[in-house]
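Source file: work01.csv; contents: CSV, N, CA, C and O atoms.
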```
chain,number,residue,atom,x,y,z
A,1,GLY,N,-1.7,6.8,-6.5
A,1,GLY,CA,-0.7,6.0,-7.1
A,1,GLY,C,0.4,5.6,-6.2
A,1,GLY,O,0.9,4.4,-6.2
A,2,ARG,N,0.8,6.5,-5.3
A,2,ARG,CA,1.9,6.2,-4.4
A,2,ARG,C,1.5,5.2,-3.4
A,2,ARG,O,2.2,4.3,-3.1
A,3,ALA,N,0.3,5.3,-2.8
A,3,ALA,CA,-0.2,4.4,-1.9
A,3,ALA,C,-0.3,3.0,-2.5
A,3,ALA,O,0.1,2.0,-1.8
A,4,PHE,N,-0.8,2.9,-3.7
A,4,PHE,CA,-0.8,1.6,-4.4
A,4,PHE,C,0.6,1.0,-4.5
A,4,PHE,O,0.8,-0.2,-4.3
A,5,GLN,N,1.6,1.8,-4.9
A,5,GLN,CA,2.9,1.3,-5.1
A,5,GLN,C,3.5,0.8,-3.7
A,5,GLN,O,4.2,-0.2,-3.6
A,6,VAL,N,3.3,1.6,-2.7
A,6,VAL,CA,3.8,1.2,-1.4
A,6,VAL,C,3.2,-0.1,-0.9
A,6,VAL,O,3.9,-1.0,-0.4
A,7,ARG,N,1.9,-0.2,-1.1
A,7,ARG,CA,1.2,-1.5,-0.7
A,7,ARG,C,1.7,-2.6,-1.5
A,7,ARG,O,2.0,-3.7,-1.0
A,8,ASP,N,2.0,-2.4,-2.8
A,8,ASP,CA,2.6,-3.5,-3.7
A,8,ASP,C,3.9,-3.9,-3.2
A,8,ASP,O,4.3,-5.1,-3.1
A,9,ASP,N,4.7,-2.9,-2.7
A,9,ASP,CA,6.1,-3.2,-2.2
A,9,ASP,C,6.0,-4.0,-0.9
A,9,ASP,O,6.7,-5.0,-0.7
A,10,ILE,N,5.0,-3.7,0.0
A,10,ILE,CA,4.8,-4.5,1.2
A,10,ILE,C,4.3,-5.9,0.9
A,10,ILE,O,4.8,-6.9,1.4
A,11,MET,N,3.4,-6.0,-0.1
A,11,MET,CA,2.9,-7.3,-0.5
A,11,MET,C,4.1,-8.2,-1.0
A,11,MET,O,4.2,-9.4,-0.7
A,12,ASP,N,4.9,-7.5,-1.8
A,12,ASP,CA,6.1,-8.3,-2.4
A,12,ASP,C,7.0,-8.8,-1.3
A,12,ASP,O,7.5,-9.9,-1.4
A,13,PHE,N,7.1,-8.0,-0.3
A,13,PHE,CA,8.0,-8.4,0.8
A,13,PHE,C,7.4,-9.5,1.7
A,13,PHE,O,8.1,-10.5,2.1
A,14,GLU,N,6.1,-9.4,2.0
A,14,GLU,CA,5.4,-10.3,3.0
A,14,GLU,C,4.8,-11.5,2.4
A,14,GLU,O,4.8,-12.6,3.1
A,15,TRP,N,4.3,-11.5,1.2
A,15,TRP,CA,3.5,-12.6,0.7
A,15,TRP,C,4.3,-13.5,-0.2
A,15,TRP,O,5.1,-13.0,-1.0
A,16,VAL,N,4.1,-14.8,-0.1
A,16,VAL,CA,4.8,-15.7,-0.8
A,16,VAL,C,4.0,-16.3,-2.0
A,16,VAL,O,4.4,-16.3,-3.1
A,17,ASP,N,2.8,-16.8,-1.6
A,17,ASP,CA,2.0,-17.5,-2.6
A,17,ASP,C,0.8,-16.7,-3.1
A,17,ASP,O,-0.3,-17.2,-3.0
A,18,VAL,N,1.0,-15.5,-3.5
A,18,VAL,CA,0.0,-14.6,-3.9
A,18,VAL,C,0.2,-14.2,-5.3
A,18,VAL,O,1.3,-13.9,-5.7
A,19,PRO,N,-0.8,-14.3,-6.2
A,19,PRO,CA,-0.6,-13.9,-7.6
A,19,PRO,C,-0.4,-12.4,-7.7
A,19,PRO,O,-1.4,-11.7,-7.9
A,20,LEU,N,0.8,-11.9,-7.6
A,20,LEU,CA,1.0,-10.5,-7.7
A,20,LEU,C,1.3,-10.1,-9.1
A,20,LEU,O,1.4,-8.9,-9.4
A,21,GLY,N,1.4,-11.0,-10.0
A,21,GLY,CA,1.8,-10.6,-11.4
A,21,GLY,C,3.3,-10.6,-11.6
A,21,GLY,O,3.8,-10.2,-12.6
A,22,LYS,N,4.0,-11.0,-10.6
A,22,LYS,CA,5.4,-11.0,-10.6
A,22,LYS,C,5.9,-12.0,-9.5
A,22,LYS,O,5.2,-12.4,-8.7
A,23,THR,N,7.2,-12.3,-9.5
A,23,THR,CA,7.7,-13.2,-8.5
A,23,THR,C,7.8,-12.5,-7.2
A,23,THR,O,8.4,-11.4,-7.1
A,24,ALA,N,7.3,-13.1,-6.1
A,24,ALA,CA,7.4,-12.5,-4.8
A,24,ALA,C,8.8,-12.3,-4.4
A,24,ALA,O,9.7,-13.2,-4.7
A,25,LYS,N,9.1,-11.3,-3.6
A,25,LYS,CA,10.4,-11.0,-3.1
A,25,LYS,C,11.5,-10.6,-4.1
A,25,LYS,O,12.6,-10.4,-3.8
A,26,LYS,N,11.0,-10.4,-5.4
A,26,LYS,CA,11.9,-10.0,-6.4
A,26,LYS,C,12.5,-8.6,-6.2
A,26,LYS,O,13.6,-8.3,-6.5
A,27,ASP,N,11.6,-7.7,-5.7
A,27,ASP,CA,12.1,-6.3,-5.4
A,27,ASP,C,13.2,-6.3,-4.4
A,27,ASP,O,14.2,-5.6,-4.5
A,28,ILE,N,13.0,-7.1,-3.3
A,28,ILE,CA,14.0,-7.2,-2.3
A,28,ILE,C,15.3,-7.7,-2.8
A,28,ILE,O,16.4,-7.2,-2.6
A,29,ALA,N,15.2,-8.8,-3.6
A,29,ALA,CA,16.4,-9.4,-4.2
A,29,ALA,C,17.2,-8.4,-5.1
A,29,ALA,O,18.4,-8.5,-5.2
A,30,ASN,N,16.4,-7.6,-5.8
A,30,ASN,CA,17.0,-6.6,-6.7
A,30,ASN,C,17.3,-5.2,-6.0
A,30,ASN,O,17.6,-4.3,-6.7
A,31,HIS,N,17.1,-5.1,-4.7
A,31,HIS,CA,17.3,-3.9,-4.0
A,31,HIS,C,16.5,-2.7,-4.5
A,31,HIS,O,17.0,-1.6,-4.7
A,32,ARG,N,15.2,-3.1,-4.8
A,32,ARG,CA,14.3,-2.0,-5.3
A,32,ARG,C,13.1,-2.0,-4.4
A,32,ARG,O,12.8,-2.9,-3.6
A,33,GLY,N,12.3,-0.9,-4.5
A,33,GLY,CA,11.1,-0.8,-3.7
A,33,GLY,C,11.3,-0.1,-2.4
A,33,GLY,O,12.5,0.0,-1.9
A,34,MET,N,10.3,0.4,-1.8
A,34,MET,CA,10.4,1.1,-0.5
A,34,MET,C,10.9,0.3,0.6
A,34,MET,O,11.6,0.8,1.4
A,35,VAL,N,10.5,-1.0,0.7
A,35,VAL,CA,11.0,-1.9,1.8
A,35,VAL,C,12.5,-2.0,1.8
A,35,VAL,O,13.2,-2.0,2.8
A,36,SER,N,13.1,-2.1,0.6
A,36,SER,CA,14.6,-2.1,0.5
A,36,SER,C,15.2,-0.9,1.0
A,36,SER,O,16.3,-1.0,1.6
A,37,PHE,N,14.6,0.3,0.9
A,37,PHE,CA,15.2,1.5,1.3
A,37,PHE,C,14.9,1.9,2.7
A,37,PHE,O,15.7,2.4,3.5
A,38,MET,N,13.6,1.6,3.1
A,38,MET,CA,13.1,2.1,4.4
A,38,MET,C,13.0,1.0,5.5
A,38,MET,O,12.8,1.3,6.6
A,39,GLY,N,12.9,-0.3,5.1
A,39,GLY,CA,12.6,-1.3,6.0
A,39,GLY,C,11.1,-1.5,6.0
A,39,GLY,O,10.3,-0.6,5.7
A,40,ILE,N,10.6,-2.7,6.5
A,40,ILE,CA,9.2,-3.0,6.4
A,40,ILE,C,8.4,-2.1,7.4
A,40,ILE,O,7.3,-1.7,7.1
A,41,THR,N,8.9,-1.8,8.6
A,41,THR,CA,8.1,-1.1,9.6
A,41,THR,C,7.9,0.4,9.1
A,41,THR,O,6.8,0.8,9.2
A,42,LYS,N,8.9,1.0,8.6
A,42,LYS,CA,8.8,2.4,8.1
A,42,LYS,C,7.9,2.4,6.9
A,42,LYS,O,7.2,3.4,6.7
A,43,THR,N,8.0,1.4,6.1
A,43,THR,CA,7.2,1.4,4.9
A,43,THR,C,5.7,1.2,5.2
A,43,THR,O,4.8,1.9,4.7
A,44,LYS,N,5.4,0.4,6.2
A,44,LYS,CA,4.0,0.3,6.7
A,44,LYS,C,3.5,1.6,7.3
A,44,LYS,O,2.4,2.0,7.2
A,45,ASP,N,4.4,2.3,8.0
A,45,ASP,CA,4.1,3.6,8.6
A,45,ASP,C,3.7,4.6,7.5
A,45,ASP,O,2.8,5.4,7.6
A,46,LEU,N,4.5,4.6,6.5
A,46,LEU,CA,4.3,5.5,5.3
A,46,LEU,C,2.9,5.2,4.7
A,46,LEU,O,2.2,6.1,4.4
A,47,LEU,N,2.6,3.9,4.5
A,47,LEU,CA,1.3,3.6,4.0
A,47,LEU,C,0.2,4.1,4.8
A,47,LEU,O,-0.8,4.6,4.4
A,48,GLN,N,0.3,3.9,6.1
A,48,GLN,CA,-0.7,4.4,7.1
A,48,GLN,C,-0.8,6.0,7.0
A,48,GLN,O,-2.0,6.5,6.9
A,49,GLU,N,0.3,6.7,6.8
A,49,GLU,CA,0.2,8.1,6.7
A,49,GLU,C,-0.5,8.5,5.4
A,49,GLU,O,-1.3,9.4,5.3
A,50,LEU,N,-0.2,7.8,4.3
A,50,LEU,CA,-0.8,8.0,3.0
A,50,LEU,C,-2.3,7.7,3.1
A,50,LEU,O,-3.2,8.5,2.6
A,51,GLU,N,-2.7,6.7,3.8
A,51,GLU,CA,-4.1,6.3,4.0
A,51,GLU,C,-4.8,7.5,4.7
A,51,GLU,O,-5.9,7.9,4.3
A,52,PHE,N,-4.3,8.0,5.8
A,52,PHE,CA,-4.9,9.1,6.6
A,52,PHE,C,-5.1,10.3,5.7
A,52,PHE,O,-6.1,11.0,5.7
A,53,ALA,N,-4.0,10.6,4.9
A,53,ALA,CA,-4.1,11.8,4.0
A,53,ALA,C,-5.2,11.6,3.0
A,53,ALA,O,-5.9,12.5,2.7
A,54,LEU,N,-5.3,10.4,2.4
A,54,LEU,CA,-6.3,10.2,1.4
A,54,LEU,C,-7.7,10.2,1.9
A,54,LEU,O,-8.6,10.7,1.3
A,55,LEU,N,-7.9,9.7,3.1
A,55,LEU,CA,-9.2,9.7,3.8
A,55,LEU,C,-9.6,11.1,4.1
A,55,LEU,O,-10.8,11.4,4.1
A,56,GLU,N,-8.6,11.9,4.5
A,56,GLU,CA,-8.9,13.3,4.8
A,56,GLU,C,-9.4,14.0,3.5
A,56,GLU,O,-10.4,14.8,3.6
A,57,ILE,N,-8.8,13.7,2.4
A,57,ILE,CA,-9.3,14.3,1.1
A,57,ILE,C,-10.6,13.7,0.8
A,57,ILE,O,-11.5,14.4,0.3
A,58,ALA,N,-10.8,12.4,1.0
A,58,ALA,CA,-12.1,11.8,0.7
A,58,ALA,C,-13.2,12.4,1.4
A,58,ALA,O,-14.3,12.6,0.9
A,59,ASN,N,-13.0,12.8,2.7
A,59,ASN,CA,-14.0,13.4,3.5
A,59,ASN,C,-14.5,14.7,3.0
A,59,ASN,O,-15.6,15.1,3.2
A,60,THR,N,-13.6,15.4,2.2
A,60,THR,CA,-14.0,16.7,1.7
A,60,THR,C,-15.0,16.5,0.5
A,60,THR,O,-15.8,17.4,0.2
A,61,PHE,N,-15.0,15.3,-0.1
A,61,PHE,CA,-15.9,15.0,-1.2
A,61,PHE,C,-17.2,14.5,-0.7
A,61,PHE,O,-18.2,14.5,-1.4
A,62,GLN,N,-17.3,14.1,0.5
A,62,GLN,CA,-18.5,13.6,1.2
A,62,GLN,C,-19.2,12.5,0.3
A,62,GLN,O,-20.4,12.5,0.2
A,63,THR,N,-18.4,11.6,-0.2
A,63,THR,CA,-19.0,10.4,-0.9
A,63,THR,C,-18.2,9.2,-0.4
A,63,THR,O,-17.0,9.1,-0.4
A,64,PRO,N,-19.0,8.2,-0.1
A,64,PRO,CA,-18.4,6.9,0.4
A,64,PRO,C,-17.6,6.2,-0.7
A,64,PRO,O,-16.7,5.4,-0.4
A,65,LYS,N,-17.9,6.4,-1.9
A,65,LYS,CA,-17.2,5.7,-3.0
A,65,LYS,C,-15.7,6.0,-3.0
A,65,LYS,O,-14.9,5.2,-3.2
A,66,PHE,N,-15.3,7.3,-2.7
A,66,PHE,CA,-13.9,7.7,-2.7
A,66,PHE,C,-13.2,7.0,-1.5
A,66,PHE,O,-12.1,6.5,-1.6
A,67,SER,N,-13.9,7.0,-0.3
A,67,SER,CA,-13.4,6.3,0.9
A,67,SER,C,-13.2,4.8,0.6
A,67,SER,O,-12.2,4.2,1.0
A,68,ASP,N,-14.2,4.2,-0.1
A,68,ASP,CA,-14.1,2.8,-0.4
A,68,ASP,C,-12.9,2.5,-1.3
A,68,ASP,O,-12.2,1.5,-1.2
A,69,MET,N,-12.6,3.4,-2.2
A,69,MET,CA,-11.5,3.3,-3.1
A,69,MET,C,-10.2,3.3,-2.3
A,69,MET,O,-9.3,2.5,-2.6
A,70,VAL,N,-10.1,4.2,-1.4
A,70,VAL,CA,-8.9,4.3,-0.5
A,70,VAL,C,-8.7,3.0,0.2
A,70,VAL,O,-7.6,2.4,0.3
A,71,GLU,N,-9.8,2.5,0.8
A,71,GLU,CA,-9.8,1.2,1.6
A,71,GLU,C,-9.3,0.1,0.7
A,71,GLU,O,-8.5,-0.7,1.1
A,72,PHE,N,-9.8,0.0,-0.5
A,72,PHE,CA,-9.4,-1.0,-1.4
A,72,PHE,C,-7.9,-0.9,-1.8
A,72,PHE,O,-7.2,-1.9,-1.8
A,73,ILE,N,-7.4,0.3,-2.1
A,73,ILE,CA,-6.0,0.4,-2.4
A,73,ILE,C,-5.1,0.1,-1.3
A,73,ILE,O,-4.1,-0.6,-1.4
A,74,VAL,N,-5.5,0.5,-0.1
A,74,VAL,CA,-4.6,0.3,1.1
A,74,VAL,C,-4.7,-1.1,1.7
A,74,VAL,O,-3.7,-1.7,2.1
A,75,HIS,N,-5.9,-1.6,1.7
A,75,HIS,CA,-6.2,-2.9,2.4
A,75,HIS,C,-6.5,-4.0,1.5
A,75,HIS,O,-6.6,-5.2,2.0
A,76,GLY,N,-6.8,-3.7,0.3
A,76,GLY,CA,-7.2,-4.8,-0.7
A,76,GLY,C,-8.6,-5.2,-0.5
A,76,GLY,O,-9.1,-6.2,-1.1
A,77,GLU,N,-9.4,-4.5,0.3
A,77,GLU,CA,-10.8,-4.9,0.5
A,77,GLU,C,-11.6,-3.6,1.0
A,77,GLU,O,-10.9,-2.7,1.5
A,78,VAL,N,-12.9,-3.7,0.9
A,78,VAL,CA,-13.7,-2.6,1.4
A,78,VAL,C,-14.4,-3.1,2.6
A,78,VAL,O,-15.1,-4.2,2.5
A,79,LYS,N,-14.3,-2.4,3.7
A,79,LYS,CA,-15.0,-2.9,4.9
A,79,LYS,C,-16.4,-2.6,4.9
A,79,LYS,O,-16.9,-1.8,4.3
```
Written as structure tokens, how would this file's structure read?
Amino acid sequence: GRAFQVRDDIMDFEWVDVPLGKTAKKDIANHRGMVSFMGITKTKDLLQELEFALLEIANTFQTPKFSDMVEFIVHGEVK
């Protein structure tokens, strides 16, 4: 859940014409979200840390479906 929210905050900051289900940059304008508190670089670093932690957990289950889910949450696609 946290990785999803951090990615959503990054998308809100970076993307303009993407159907996010809300107005882009609204979180920044309202001083909400991780990017407002940490800045975009540190927020991206946090997402990468969360991805590594989740993939480490996924490896213990030894199923590609969990790893695919992590990839989708963090990157929006499965490689």
Spatial neighbours of Val78 in chain A, 6 Å, only C-alpha atoms, chain gap at least 3 places, as a compact mmCIF listing (two decimals) with N, CA, C and O atoms, in the coordinates of the input:
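So the final result, stored in around10.txt, reads:
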```txt
# COMPACT_ATOMS: atom_id res chain seq x y z
N ASP A 68 -14.20 4.20 -0.10
CA ASP A 68 -14.10 2.80 -0.40
C ASP A 68 -12.90 2.50 -1.30
O ASP A 68 -12.20 1.50 -1.20
N GLU A 71 -9.80 2.50 0.80
CA GLU A 71 -9.80 1.20 1.60
C GLU A 71 -9.30 0.10 0.70
O GLU A 71 -8.50 -0.70 1.10
N PHE A 72 -9.80 0.00 -0.50
CA PHE A 72 -9.40 -1.00 -1.40
C PHE A 72 -7.90 -0.90 -1.80
O PHE A 72 -7.20 -1.90 -1.80
```
Please measure the separation of atom N of His75 in chain A and atom C of Glu51 in chain A, giving the value in Å to one decimal.
->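 Pair atom N of His75 in chain A / atom C of Glu51 in chain A returns 9.6 Å.
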Gap from CA of Ser67 in chain A to CA of Leu55 in chain A - Å, one decimal |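 Rounded to one decimal, the two atoms are 6.1 Å apart.
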Work out how far atom C of Ile10 in chain A is from atom N of Phe61 in chain A, in Å to one decimal.
->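 Spanning atom N of Phe61 in chain A to atom C of Ile10 in chain A is a straight-line distance of 28.7 Å.
Environment of (2.2, 5.7, 6.6): residues at most 12 Å away, judged by only C-alpha atoms, are A:Arg2, A:Ala3, A:Val6, A:Arg7, A:Ile10, A:Met34, A:Met38, A:Ile40, A:Thr41, A:Lys42, A:Thr43, A:Lys44, A:Asp45, A:Leu46, A:Leu47, A:Gln48, A:Glu49, A:Leu50, A:Glu51, A:Phe52, A:Ala53, A:Leu54, A:Val74.
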Starting from the incomplete input, reconstruct all heavy atoms of range 51-62 of chain A and report them as a PDB file, in the coordinates of the input.
```pdb
ATOM      1  N   GLU A  51      -2.700   6.700   3.800  1.00  0.00           N
ATOM      2  CA  GLU A  51      -4.100   6.300   4.000  1.00  0.00           C
ATOM      3  C   GLU A  51      -4.800   7.500   4.700  1.00  0.00           C
ATOM      4  O   GLU A  51      -5.900   7.900   4.300  1.00  0.00           O
ATOM      5  CB  GLU A  51      -4.269   5.044   4.787  1.00  0.00           C
ATOM      6  CG  GLU A  51      -5.726   4.689   5.064  1.00  0.00           C
ATOM      7  CD  GLU A  51      -5.886   3.447   5.908  1.00  0.00           C
ATOM      8  OE1 GLU A  51      -4.925   2.999   6.564  1.00  0.00           O
ATOM      9  OE2 GLU A  51      -7.007   2.909   5.912  1.00  0.00           O
ATOM     10  N   PHE A  52      -4.300   8.000   5.800  1.00  0.00           N
ATOM     11  CA  PHE A  52      -4.900   9.100   6.600  1.00  0.00           C
ATOM     12  C   PHE A  52      -5.100  10.300   5.700  1.00  0.00           C
ATOM     13  O   PHE A  52      -6.100  11.000   5.700  1.00  0.00           O
ATOM     14  CB  PHE A  52      -4.127   9.387   7.820  1.00  0.00           C
ATOM     15  CG  PHE A  52      -4.199   8.325   8.891  1.00  0.00           C
ATOM     16  CD1 PHE A  52      -3.112   8.103   9.711  1.00  0.00           C
ATOM     17  CD2 PHE A  52      -5.330   7.554   9.084  1.00  0.00           C
ATOM     18  CE1 PHE A  52      -3.165   7.122  10.704  1.00  0.00           C
ATOM     19  CE2 PHE A  52      -5.397   6.577  10.070  1.00  0.00           C
ATOM     20  CZ  PHE A  52      -4.296   6.367  10.881  1.00  0.00           C
ATOM     21  N   ALA A  53      -4.000  10.600   4.900  1.00  0.00           N
ATOM     22  CA  ALA A  53      -4.100  11.800   4.000  1.00  0.00           C
ATOM     23  C   ALA A  53      -5.200  11.600   3.000  1.00  0.00           C
ATOM     24  O   ALA A  53      -5.900  12.500   2.700  1.00  0.00           O
ATOM     25  CB  ALA A  53      -2.749  12.035   3.389  1.00  0.00           C
ATOM     26  N   LEU A  54      -5.300  10.400   2.400  1.00  0.00           N
ATOM     27  CA  LEU A  54      -6.300  10.200   1.400  1.00  0.00           C
ATOM     28  C   LEU A  54      -7.700  10.200   1.900  1.00  0.00           C
ATOM     29  O   LEU A  54      -8.600  10.700   1.300  1.00  0.00           O
ATOM     30  CB  LEU A  54      -5.999   8.841   0.675  1.00  0.00           C
ATOM     31  CG  LEU A  54      -4.798   8.816  -0.257  1.00  0.00           C
ATOM     32  CD1 LEU A  54      -4.464   7.388  -0.672  1.00  0.00           C
ATOM     33  CD2 LEU A  54      -5.052   9.686  -1.474  1.00  0.00           C
ATOM     34  N   LEU A  55      -7.900   9.700   3.100  1.00  0.00           N
ATOM     35  CA  LEU A  55      -9.200   9.700   3.800  1.00  0.00           C
ATOM     36  C   LEU A  55      -9.600  11.100   4.100  1.00  0.00           C
ATOM     37  O   LEU A  55     -10.800  11.400   4.100  1.00  0.00           O
ATOM     38  CB  LEU A  55      -9.214   8.741   4.985  1.00  0.00           C
ATOM     39  CG  LEU A  55      -9.192   7.253   4.653  1.00  0.00           C
ATOM     40  CD1 LEU A  55      -9.057   6.427   5.924  1.00  0.00           C
ATOM     41  CD2 LEU A  55     -10.424   6.837   3.860  1.00  0.00           C
ATOM     42  N   GLU A  56      -8.600  11.900   4.500  1.00  0.00           N
ATOM     43  CA  GLU A  56      -8.900  13.300   4.800  1.00  0.00           C
ATOM     44  C   GLU A  56      -9.400  14.000   3.500  1.00  0.00           C
ATOM     45  O   GLU A  56     -10.400  14.800   3.600  1.00  0.00           O
ATOM     46  CB  GLU A  56      -7.686  14.002   5.315  1.00  0.00           C
ATOM     47  CG  GLU A  56      -7.938  15.357   5.904  1.00  0.00           C
ATOM     48  CD  GLU A  56      -6.710  15.908   6.579  1.00  0.00           C
ATOM     49  OE1 GLU A  56      -6.340  15.377   7.647  1.00  0.00           O
ATOM     50  OE2 GLU A  56      -6.120  16.862   6.040  1.00  0.00           O
ATOM     51  N   ILE A  57      -8.800  13.700   2.400  1.00  0.00           N
ATOM     52  CA  ILE A  57      -9.300  14.300   1.100  1.00  0.00           C
ATOM     53  C   ILE A  57     -10.600  13.700   0.800  1.00  0.00           C
ATOM     54  O   ILE A  57     -11.500  14.400   0.300  1.00  0.00           O
ATOM     55  CB  ILE A  57      -8.231  13.971   0.020  1.00  0.00           C
ATOM     56  CG1 ILE A  57      -6.934  14.736   0.267  1.00  0.00           C
ATOM     57  CG2 ILE A  57      -8.806  14.319  -1.353  1.00  0.00           C
ATOM     58  CD1 ILE A  57      -5.776  14.276  -0.592  1.00  0.00           C
ATOM     59  N   ALA A  58     -10.800  12.400   1.000  1.00  0.00           N
ATOM     60  CA  ALA A  58     -12.100  11.800   0.700  1.00  0.00           C
ATOM     61  C   ALA A  58     -13.200  12.400   1.400  1.00  0.00           C
ATOM     62  O   ALA A  58     -14.300  12.600   0.900  1.00  0.00           O
ATOM     63  CB  ALA A  58     -12.010  10.269   0.969  1.00  0.00           C
ATOM     64  N   ASN A  59     -13.000  12.800   2.700  1.00  0.00           N
ATOM     65  CA  ASN A  59     -14.000  13.400   3.500  1.00  0.00           C
ATOM     66  C   ASN A  59     -14.500  14.700   3.000  1.00  0.00           C
ATOM     67  O   ASN A  59     -15.600  15.100   3.200  1.00  0.00           O
ATOM     68  CB  ASN A  59     -13.538  13.532   4.951  1.00  0.00           C
ATOM     69  CG  ASN A  59     -13.468  12.206   5.666  1.00  0.00           C
ATOM     70  OD1 ASN A  59     -14.147  11.249   5.303  1.00  0.00           O
ATOM     71  ND2 ASN A  59     -12.615  12.130   6.675  1.00  0.00           N
ATOM     72  N   THR A  60     -13.600  15.400   2.200  1.00  0.00           N
ATOM     73  CA  THR A  60     -14.000  16.700   1.700  1.00  0.00           C
ATOM     74  C   THR A  60     -15.000  16.500   0.500  1.00  0.00           C
ATOM     75  O   THR A  60     -15.800  17.400   0.200  1.00  0.00           O
ATOM     76  CB  THR A  60     -12.813  17.517   1.145  1.00  0.00           C
ATOM     77  OG1 THR A  60     -12.184  16.817   0.081  1.00  0.00           O
ATOM     78  CG2 THR A  60     -11.824  17.790   2.255  1.00  0.00           C
ATOM     79  N   PHE A  61     -15.000  15.300  -0.100  1.00  0.00           N
ATOM     80  CA  PHE A  61     -15.900  15.000  -1.200  1.00  0.00           C
ATOM     81  C   PHE A  61     -17.200  14.500  -0.700  1.00  0.00           C
ATOM     82  O   PHE A  61     -18.200  14.500  -1.400  1.00  0.00           O
ATOM     83  CB  PHE A  61     -15.307  14.032  -2.195  1.00  0.00           C
ATOM     84  CG  PHE A  61     -14.161  14.578  -2.992  1.00  0.00           C
ATOM     85  CD1 PHE A  61     -12.865  14.177  -2.724  1.00  0.00           C
ATOM     86  CD2 PHE A  61     -14.376  15.499  -4.003  1.00  0.00           C
ATOM     87  CE1 PHE A  61     -11.802  14.681  -3.453  1.00  0.00           C
ATOM     88  CE2 PHE A  61     -13.317  16.004  -4.738  1.00  0.00           C
ATOM     89  CZ  PHE A  61     -12.033  15.599  -4.460  1.00  0.00           C
ATOM     90  N   GLN A  62     -17.300  14.100   0.500  1.00  0.00           N
ATOM     91  CA  GLN A  62     -18.500  13.600   1.200  1.00  0.00           C
ATOM     92  C   GLN A  62     -19.200  12.500   0.300  1.00  0.00           C
ATOM     93  O   GLN A  62     -20.400  12.500   0.200  1.00  0.00           O
ATOM     94  CB  GLN A  62     -19.437  14.733   1.484  1.00  0.00           C
ATOM     95  CG  GLN A  62     -18.841  15.739   2.432  1.00  0.00           C
ATOM     96  CD  GLN A  62     -19.775  16.892   2.728  1.00  0.00           C
ATOM     97  OE1 GLN A  62     -20.807  17.065   2.103  1.00  0.00           O
ATOM     98  NE2 GLN A  62     -19.401  17.706   3.691  1.00  0.00           N
TER      99      GLN A  62
END
```
